[in-house]
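A short write-up of the structure that comes next.
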Amino acid sequence: MSTYTITNPKKVTTKRVQEMKLAGEKIAMITAYDFTMAGLVDKAGIDMILVGDSASNVMQGNATTVPITIDDMIVYGRTVVRAVKRAMVLVDMPFGTYKGDPIEAQRNAVRIMQETGADGVKLEGGSEVHDSIEMILRAGIPVCGHLGLTPQSINQFGSYVTRATEEAEAQKLLSDAAALQEAGCFTIVLEKIPATLAKKVTERLTIPTIGIGGGKYCDGQVLVLHDMLGLNTDFKPKFLRVYNNLAEQIIDSVGNYIIDVKDGSFPNDDEQY
Ligand code: KIV
């Protein structure tokens with residue numbers, strides 16, 4: 001069924017992710033928020049699953065990732081973990097749960113790990129989250145960073161345009177990437193920044209970079225599952241490759257079901273007791 005052959009069936013760990021960077025093997029990450037989809041993407045051979053706070057948009061219909069809560073993320077995280085055998089599962093720390101007091105950040109990360117069974121957490125930001133990352137790591141929790149277009153800061157940014165196109169912001173991103181690595185992050189997501197800048201970050205860091213709109217030089221790529229499956233047809237950024245047209249297929253399938261119910265052809269003699 002799947003066209004991809006899993007070469008290493010072992011559970012993906014932080015060590016394995018690091019080895020992939022060293023070996024030049026690209027890392028494939030995707031989002032998932034529920035049991036059924038997580039089981040399918042794991043079977044397909046994905047390396048890492050992100051229970052992203054993009055659940056706020058695609059699962060809850062919010063305009064931004066700001067409203068989603070830690071309780072919501074724990075429910076999504078737990079259902080994903082239940083389905084997954086091989087992929088590494090990361091859960092996003094939502095808005096307002098890690099940028100203040102590092103002790104509180106650690107408490108929230110511990111809660112996510114204990115109540116979901118995930119393999120690590122992801123959080124957004126640069127040097128300002130350095131102390132929180134150190135504190136979370138002290139609890140034995142792997143941390144993935146996230147730089148560039150960090151959607152939780154949308155109210156500061158004002159729009160979802162490409163970040164770090166100007167020299168000053170590019171320099172800040174480079175120093176933030178170094179700070180995240182120094183704090184102990186095992187990988188960093190780079191969202192919607194120029195490919196040349198992502199290349200520089202990728203070359204300077206010993207930990208892998210995972211791009212979403214970060215271009216071809218990143219060590220890996222991540223996409224939002226609903227976007228790449230063609231479930232969310234209103235979102236068409238340049239960086240997105242759409243692999244299916246599931247929205248059309250679902251509307252078509254349900255439309256056919258409605259016709260069959262209305263005209264009495266479902267259920268037929270073989271579909272009843
Ligand atoms: O929440 C999310 O889905 C993300 C990805 C876009 C990286 O953070």
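Each chain of the structure tokens is named A, B, ... in the order shown, its residues numbered from 1; ligands are numbered from 1 in display order.
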
>> Could you list the protein, DNA and RNA residues that have any atom within 8 Å of ligand 1, counting only C-alpha atoms and all ligand atoms, and write them as a ChimeraX atom specification?
In response: /A:31,50-55,65,92,122,146,150-151,189-191,211-212,222-224

I need the chosen residues saved as a CSV table (one decimal), in the first residue's frame, with N, CA, C and O atoms.
chain,number,residue,atom,x,y,z
A,31,THR,N,2.3,16.6,11.2
A,31,THR,CA,1.4,16.8,12.3
A,31,THR,C,0.3,15.7,12.4
A,31,THR,O,0.0,15.2,11.3
A,50,LEU,N,4.3,15.6,15.1
A,50,LEU,CA,4.1,16.7,15.9
A,50,LEU,C,2.6,16.9,16.2
A,50,LEU,O,1.8,17.1,15.3
A,51,VAL,N,2.3,16.8,17.5
A,51,VAL,CA,0.9,17.2,17.9
A,51,VAL,C,1.0,18.7,18.0
A,51,VAL,O,1.3,19.2,19.1
A,52,GLY,N,0.8,19.4,16.9
A,52,GLY,CA,1.0,20.8,16.8
A,52,GLY,C,-0.1,21.6,17.4
A,52,GLY,O,-1.3,21.1,17.4
A,53,ASP,N,0.2,22.8,17.9
A,53,ASP,CA,-0.9,23.7,18.4
A,53,ASP,C,-1.7,24.2,17.2
A,53,ASP,O,-2.7,24.9,17.3
A,54,SER,N,-1.2,23.8,15.9
A,54,SER,CA,-2.1,24.1,14.8
A,54,SER,C,-3.4,23.4,14.9
A,54,SER,O,-4.3,23.6,14.1
A,55,ALA,N,-3.5,22.5,15.9
A,55,ALA,CA,-4.8,21.9,16.2
A,55,ALA,C,-5.8,23.0,16.5
A,55,ALA,O,-7.0,22.8,16.3
A,65,THR,N,-3.3,30.2,16.8
A,65,THR,CA,-3.0,29.1,17.8
A,65,THR,C,-3.1,29.7,19.2
A,65,THR,O,-2.9,28.9,20.2
A,92,ASP,N,3.3,20.1,21.2
A,92,ASP,CA,3.5,21.6,21.3
A,92,ASP,C,3.1,22.1,22.7
A,92,ASP,O,2.0,21.8,23.1
A,122,LYS,N,7.7,20.7,22.1
A,122,LYS,CA,8.2,21.7,21.2
A,122,LYS,C,7.7,23.1,21.8
A,122,LYS,O,6.6,23.1,22.3
A,146,HIS,N,11.7,26.3,17.9
A,146,HIS,CA,10.9,26.7,16.8
A,146,HIS,C,11.2,28.2,16.6
A,146,HIS,O,10.9,29.0,17.4
A,150,THR,N,6.8,32.3,14.1
A,150,THR,CA,6.3,31.5,15.3
A,150,THR,C,4.8,32.0,15.5
A,150,THR,O,4.6,33.1,16.0
A,151,PRO,N,3.9,31.1,15.1
A,151,PRO,CA,2.5,31.5,15.1
A,151,PRO,C,1.9,32.1,16.4
A,151,PRO,O,1.0,32.9,16.4
A,189,VAL,N,12.7,23.7,14.6
A,189,VAL,CA,11.8,23.9,13.4
A,189,VAL,C,12.1,25.3,12.9
A,189,VAL,O,12.2,26.3,13.7
A,190,LEU,N,12.3,25.5,11.6
A,190,LEU,CA,12.5,26.8,11.0
A,190,LEU,C,11.3,27.1,10.1
A,190,LEU,O,11.1,26.4,9.1
A,191,GLU,N,10.5,28.1,10.5
A,191,GLU,CA,9.2,28.3,9.7
A,191,GLU,C,9.3,29.6,8.9
A,191,GLU,O,9.6,30.7,9.4
A,211,GLY,N,12.4,22.1,8.4
A,211,GLY,CA,11.8,23.3,7.8
A,211,GLY,C,10.4,23.2,7.5
A,211,GLY,O,9.9,22.1,7.2
A,212,ILE,N,9.7,24.3,7.6
A,212,ILE,CA,8.3,24.4,7.0
A,212,ILE,C,8.3,25.8,6.4
A,212,ILE,O,8.2,26.8,7.0
A,222,VAL,N,8.6,19.5,7.8
A,222,VAL,CA,7.4,19.2,8.4
A,222,VAL,C,6.2,19.9,7.7
A,222,VAL,O,6.5,21.0,7.2
A,223,LEU,N,5.1,19.2,7.6
A,223,LEU,CA,3.9,19.9,7.0
A,223,LEU,C,2.7,19.6,7.9
A,223,LEU,O,2.7,18.6,8.7
A,224,VAL,N,1.7,20.4,7.9
A,224,VAL,CA,0.5,20.1,8.6
A,224,VAL,C,-0.3,19.1,7.8
A,224,VAL,O,-0.6,19.3,6.6

>> Applying 9 Å and only C-alpha atoms, which residues near Arg82 in chain A remain after dropping the ones on its own chain fewer than 5 positions away? List them as an MDAnalysis selection string.
In response: chainID A and resid 35 38:39 77 116:117

Any chance you can output those residues with all heavy atoms as a PDB file, in the first residue's frame?
ATOM      1  N   PHE A  35      -6.170   9.692  16.973  1.00  0.00           N
ATOM      2  CA  PHE A  35      -5.745   8.298  16.970  1.00  0.00           C
ATOM      3  C   PHE A  35      -5.675   7.721  15.551  1.00  0.00           C
ATOM      4  O   PHE A  35      -4.665   7.120  15.161  1.00  0.00           O
ATOM      5  CB  PHE A  35      -6.740   7.492  17.834  1.00  0.00           C
ATOM      6  CG  PHE A  35      -6.429   6.032  17.935  1.00  0.00           C
ATOM      7  CD1 PHE A  35      -5.535   5.549  18.879  1.00  0.00           C
ATOM      8  CD2 PHE A  35      -7.041   5.123  17.086  1.00  0.00           C
ATOM      9  CE1 PHE A  35      -5.252   4.189  18.970  1.00  0.00           C
ATOM     10  CE2 PHE A  35      -6.766   3.767  17.169  1.00  0.00           C
ATOM     11  CZ  PHE A  35      -5.864   3.303  18.116  1.00  0.00           C
ATOM     12  N   ALA A  38      -2.964   9.435  13.310  1.00  0.00           N
ATOM     13  CA  ALA A  38      -1.617   9.170  13.840  1.00  0.00           C
ATOM     14  C   ALA A  38      -1.192   7.744  13.505  1.00  0.00           C
ATOM     15  O   ALA A  38      -0.049   7.502  13.098  1.00  0.00           O
ATOM     16  CB  ALA A  38      -1.589   9.396  15.348  1.00  0.00           C
ATOM     17  N   GLY A  39      -2.123   6.796  13.641  1.00  0.00           N
ATOM     18  CA  GLY A  39      -1.816   5.402  13.312  1.00  0.00           C
ATOM     19  C   GLY A  39      -1.451   5.257  11.844  1.00  0.00           C
ATOM     20  O   GLY A  39      -0.524   4.518  11.484  1.00  0.00           O
ATOM     21  N   GLY A  77      -2.637  14.962  22.374  1.00  0.00           N
ATOM     22  CA  GLY A  77      -1.364  14.239  22.516  1.00  0.00           C
ATOM     23  C   GLY A  77      -1.582  12.794  22.940  1.00  0.00           C
ATOM     24  O   GLY A  77      -0.991  11.869  22.376  1.00  0.00           O
ATOM     25  N   THR A 116       0.372  12.491  28.528  1.00  0.00           N
ATOM     26  CA  THR A 116       0.225  12.065  27.125  1.00  0.00           C
ATOM     27  C   THR A 116       1.084  10.846  26.788  1.00  0.00           C
ATOM     28  O   THR A 116       0.743  10.084  25.902  1.00  0.00           O
ATOM     29  CB  THR A 116       0.636  13.173  26.134  1.00  0.00           C
ATOM     30  OG1 THR A 116       2.041  13.415  26.251  1.00  0.00           O
ATOM     31  CG2 THR A 116      -0.148  14.451  26.349  1.00  0.00           C
ATOM     32  N   GLY A 117       2.230  10.729  27.467  1.00  0.00           N
ATOM     33  CA  GLY A 117       3.166   9.658  27.108  1.00  0.00           C
ATOM     34  C   GLY A 117       4.017  10.028  25.897  1.00  0.00           C
ATOM     35  O   GLY A 117       4.625   9.153  25.269  1.00  0.00           O
TER      36      GLY A 117
END

> What residues in range 64-127 of chain A get the DSSP label helix (DSSP H, G or I)? Please answer as a PyMOL selection string.
Replying inline: chain A and resi 70-83+102-116+127

> Between CA of Met59 in chain A and CA of Val261 in chain A, what is the distance, to one decimal in Å?
Replying inline: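 About the pair CA of Met59 in chain A and CA of Val261 in chain A: they are 28.3 Å apart.
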
>> What does the structure give for the distance between CA of Ala44 in chain A and CA of Asp119 in chain A, in Å to one decimal?
In response: 19.2 Å

> If we count only C-alpha atoms, what is near Tyr76 in chain A at a cut-off of 8 Å, once residues fewer than 4 positions away on the same chain are taken out, given as a PyMOL selection string?
Replying inline: chain A and resi 33-34+51+72+80

>> I want to know what sits within 9 Å of range 9-14 of chain A, based on only C-alpha atoms, with residues of the same chain fewer than 6 positions away left out; could you give that as a PyMOL selection string?
In response: chain A and resi 45+47-48+85-89+119+142+186-187

Only N, CA and C atoms, please: the residues just picked out, written as a PDB file, in the first residue's frame.
ATOM      1  N   GLY A  45       5.431   5.318   7.828  1.00  0.00           N
ATOM      2  CA  GLY A  45       6.876   5.375   8.047  1.00  0.00           C
ATOM      3  C   GLY A  45       7.413   6.748   8.406  1.00  0.00           C
ATOM      4  N   ASP A  47       8.999   9.746  10.425  1.00  0.00           N
ATOM      5  CA  ASP A  47       9.997   9.690  11.504  1.00  0.00           C
ATOM      6  C   ASP A  47       9.491  10.360  12.781  1.00  0.00           C
ATOM      7  N   MET A  48       8.861  11.517  12.609  1.00  0.00           N
ATOM      8  CA  MET A  48       8.421  12.273  13.788  1.00  0.00           C
ATOM      9  C   MET A  48       6.999  12.787  13.572  1.00  0.00           C
ATOM     10  N   LYS A  85       3.568   3.511  17.085  1.00  0.00           N
ATOM     11  CA  LYS A  85       4.541   2.495  17.518  1.00  0.00           C
ATOM     12  C   LYS A  85       5.979   2.946  17.257  1.00  0.00           C
ATOM     13  N   ARG A  86       6.229   3.543  16.087  1.00  0.00           N
ATOM     14  CA  ARG A  86       7.615   3.818  15.675  1.00  0.00           C
ATOM     15  C   ARG A  86       8.028   5.286  15.744  1.00  0.00           C
ATOM     16  N   ALA A  87       7.176   6.166  15.304  1.00  0.00           N
ATOM     17  CA  ALA A  87       7.574   7.583  15.191  1.00  0.00           C
ATOM     18  C   ALA A  87       7.832   8.197  16.562  1.00  0.00           C
ATOM     19  N   MET A  88       8.693   9.212  16.571  1.00  0.00           N
ATOM     20  CA  MET A  88       8.869  10.009  17.785  1.00  0.00           C
ATOM     21  C   MET A  88       7.709  11.006  17.844  1.00  0.00           C
ATOM     22  N   VAL A  89       7.071  11.133  19.001  1.00  0.00           N
ATOM     23  CA  VAL A  89       5.917  12.042  19.117  1.00  0.00           C
ATOM     24  C   VAL A  89       6.280  13.248  19.989  1.00  0.00           C
ATOM     25  N   ASP A 119       7.146  11.805  23.590  1.00  0.00           N
ATOM     26  CA  ASP A 119       8.605  11.641  23.671  1.00  0.00           C
ATOM     27  C   ASP A 119       9.336  12.962  23.881  1.00  0.00           C
ATOM     28  N   PRO A 142      13.121  15.940  26.357  1.00  0.00           N
ATOM     29  CA  PRO A 142      13.695  16.500  25.127  1.00  0.00           C
ATOM     30  C   PRO A 142      12.873  17.677  24.618  1.00  0.00           C
ATOM     31  N   PHE A 186      17.234  19.483  20.956  1.00  0.00           N
ATOM     32  CA  PHE A 186      17.792  18.409  20.114  1.00  0.00           C
ATOM     33  C   PHE A 186      17.478  18.635  18.640  1.00  0.00           C
ATOM     34  N   THR A 187      16.590  19.558  18.356  1.00  0.00           N
ATOM     35  CA  THR A 187      16.283  19.920  16.969  1.00  0.00           C
ATOM     36  C   THR A 187      15.537  21.256  16.976  1.00  0.00           C
TER      37      THR A 187
END

At most 12 Å is the cut-off: for each residue in range 155-256 of chain A with any atom that close to an atom of range 133-141 of chain A, write down the nearest atom pair and the distance in Å rounded to one decimal, counting only C-alpha atoms, chain first then increasing number, as a tab-separated table.
residue	atom	partner	partner_atom	distance
A:Ala179	CA	A:Ile133	CA	10.3
A:Leu180	CA	A:Ile133	CA	8.0
A:Gln181	CA	A:Ile133	CA	10.1
A:Glu182	CA	A:Glu134	CA	9.3
A:Ala183	CA	A:Glu134	CA	5.6
A:Gly184	CA	A:Glu134	CA	6.8
A:Cys185	CA	A:Ile133	CA	7.4
A:Phe186	CA	A:Leu137	CA	10.3
